[in-house]
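One structure is given below, encoded as structure tokens.
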Amino acid sequence: MRRQVHGILLLDKPAGMSSNGALQKVKRLFNAKKAGHTGSLDPIATGMLPLCFGEATKFSQYLLESDKIYYVVAKLGVQTNTGDIEGEVIATKPVNVTQAQVEKVLPTFLGEIEQIPPMFSAIKYQGKPLYELARNGIEIERKARRITIFSLKLDELTDDTLTLRVHCSKGTYIRTLVEDIGHQLGCGAHVINLHRITVASYGNAVMYTLPELEAIAERSQFAGLSNCLLPVETSVQAYPAIKLSTSAAFYLRMGQPVRTTLSQTGSLVRLLSEDTKFLGIGEIMDDGRVKPQRLLANHDAVVNG
């Protein structure tokens, strides 16, 4: 029988596995009733993949919308149809790129920019993922999306590889960014290695590999695995917190807006009880009251890590 598990696990996803495949393996290890991931990593990618269990799935959208940081290694002089090492080579050019050229090009991608999503992506078109159309040789016009590149730093440049550290907003396709940088450098490029090091504010938190989780499960089964979970509240740690009185918390749980001291209209806030237990997420209304957005079913029943 499946267990009720609540919390967030930071998985260090291995290369060669889909995000959903990794999720299903971990879900089986925990014997969990409900679990979901917070945005796919490409199969070739490794690194941080937050997995939400139980009540944490209510707050996964806030991690989906958060910033991410990646290390990416690009192969210069070669373009593929997927933008990464798994695709077919479609063009090659000689490489004669200097550090000065790279440092001149990178700043042009900083800030808010438009990016056209790749054909090899899970974006739907008339109900079908674009990658299915791409595999059949079909290409359709895609609308450009607004994304933000907060920082883009050169880590290493060799004769034919470029290693970058990218801090970006949600919706950024690193493969497309690398292709666009390669185009600007005049030689083309594709991703050969991609590692996500941070999602939201989890930069210093511990990630677990699948072998580590399997070893923990073998030694101490569910008790040991539960110790790997982070509290549900960490998924929304970036939002300011407000503490509610017992009566205000009661009415909020009934779906009613309550008074608050904050005045940032439209802002999302973490809702805490008088004893600082996490209740959920609320939104500040025009009249200064806070209305519930996402609430825990029962904070006393939720395992916080």
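Each chain in the structure tokens gets a letter, A, B, ..., in the order shown, and its residues are numbered from 1; ligands are numbered from 1 in order too.
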- Output as a list in words all residues of stretch 54-116 of chain A that backbone DSSP marks as strand (DSSP E).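 So the strand (DSSP E) residues in stretch 54-116 of chain A would be Lys68, Ile69, Tyr70, Tyr71, Val72, Val73, Ala74, Lys75, Leu76, Val78, Gln79, Thr80, Val89, Ile90, Ala91, Thr92, Gly111, Glu112, Ile113, Glu114 and Gln115 of chain A.
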- Query: Which polymer residues have any atom within 10 Å of an atom of A:Leu272, counting only C-alpha atoms, with same-chain residues fewer than 4 positions away left out, as a VMD selection string?
  - Reply: chain A and resid 233 241 to 245 249 276 to 281
Only C-alpha atoms, please: the residues just picked out, written as a PDB file, in the first residue's frame.
ATOM      1  CA  GLU A 233       7.801  25.488   2.935  1.00  0.00           C
ATOM      2  CA  ALA A 241       6.286  35.591   5.550  1.00  0.00           C
ATOM      3  CA  ILE A 242       3.402  36.895   7.610  1.00  0.00           C
ATOM      4  CA  LYS A 243       2.263  35.412  10.924  1.00  0.00           C
ATOM      5  CA  LEU A 244      -1.474  35.048  11.470  1.00  0.00           C
ATOM      6  CA  SER A 245      -3.399  34.958  14.722  1.00  0.00           C
ATOM      7  CA  ALA A 249      -5.748  31.435  10.381  1.00  0.00           C
ATOM      8  CA  THR A 276       5.231  29.675  12.973  1.00  0.00           C
ATOM      9  CA  LYS A 277       3.967  26.542  11.255  1.00  0.00           C
ATOM     10  CA  PHE A 278       3.631  26.852   7.485  1.00  0.00           C
ATOM     11  CA  LEU A 279       0.004  27.123   6.330  1.00  0.00           C
ATOM     12  CA  GLY A 280       0.397  27.931   2.647  1.00  0.00           C
ATOM     13  CA  ILE A 281       0.622  30.806   0.179  1.00  0.00           C
TER      14      ILE A 281
END
- For A:Lys93, which residue among A:Met254, A:Cys187, A:Met285, A:Ala56 is the nearest when counting only C-alpha atoms?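 So, comparing all the options, the nearest one is A:Cys187.
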- Query: Which residue, A:Leu64, A:Ala22, A:Ala91, A:Leu210, has the smallest gap to A:Gly39 when you use only C-alpha atoms?
  - Reply: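 Looking at the shortest contact to A:Gly39, the residue is A:Leu64.
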Can you write out as a Markdown table which residues of stretch 143-190 of chain A fall within 8 Å of stretch 98-105 of chain A, alongside each residue's closest atom pair and its distance in Å to one decimal, counting only C-alpha atoms and ordering rows by chain and ascending residue number?
| residue | atom | partner | partner_atom | distance |
| --- | --- | --- | --- | --- |
| A:Leu154 | CA | A:Glu103 | CA | 7.4 |
| A:Leu157 | CA | A:Gln99 | CA | 6.9 |
| A:Ile181 | CA | A:Val105 | CA | 7.3 |
| A:Gln184 | CA | A:Val105 | CA | 6.9 |
| A:Leu185 | CA | A:Val102 | CA | 7.3 |
Selected residues written out, C-alpha atoms, as a CSV table (one decimal), in the first residue's frame:
chain,number,residue,atom,x,y,z
A,154,LEU,CA,32.8,32.3,-19.4
A,157,LEU,CA,37.6,28.1,-23.6
A,181,ILE,CA,26.0,32.1,-29.1
A,184,GLN,CA,27.2,35.0,-33.1
A,185,LEU,CA,30.7,33.6,-33.0
- Message: Could you list, as a VMD selection string, every residue within 10 Å of A:Thr176, counting only C-alpha atoms and ignoring same-chain residues fewer than 4 positions away?
- Response: chain A and resid 82 to 84 115 to 118 172 180 to 182 189 to 191
Output of the above residues as a short mmCIF file (atom, residue, chain, number, x, y, z; two decimals), in the first residue's frame, restricted to C-alpha atoms:
data_model
loop_
_atom_site.label_atom_id
_atom_site.label_comp_id
_atom_site.auth_asym_id
_atom_site.auth_seq_id
_atom_site.Cartn_x
_atom_site.Cartn_y
_atom_site.Cartn_z
CA THR A 82 18.46 19.00 -31.70
CA GLY A 83 20.99 21.55 -30.45
CA ASP A 84 22.73 18.90 -28.36
CA GLN A 115 14.18 33.27 -27.62
CA ILE A 116 12.53 30.97 -30.17
CA PRO A 117 11.91 27.53 -28.61
CA PRO A 118 13.54 24.58 -30.41
CA THR A 172 15.03 29.34 -20.99
CA ASP A 180 22.55 31.49 -30.73
CA ILE A 181 25.95 32.13 -29.14
CA GLY A 182 27.57 29.81 -31.70
CA ALA A 189 27.69 25.19 -31.52
CA HIS A 190 25.75 22.51 -29.68
CA VAL A 191 25.48 21.29 -26.09
#
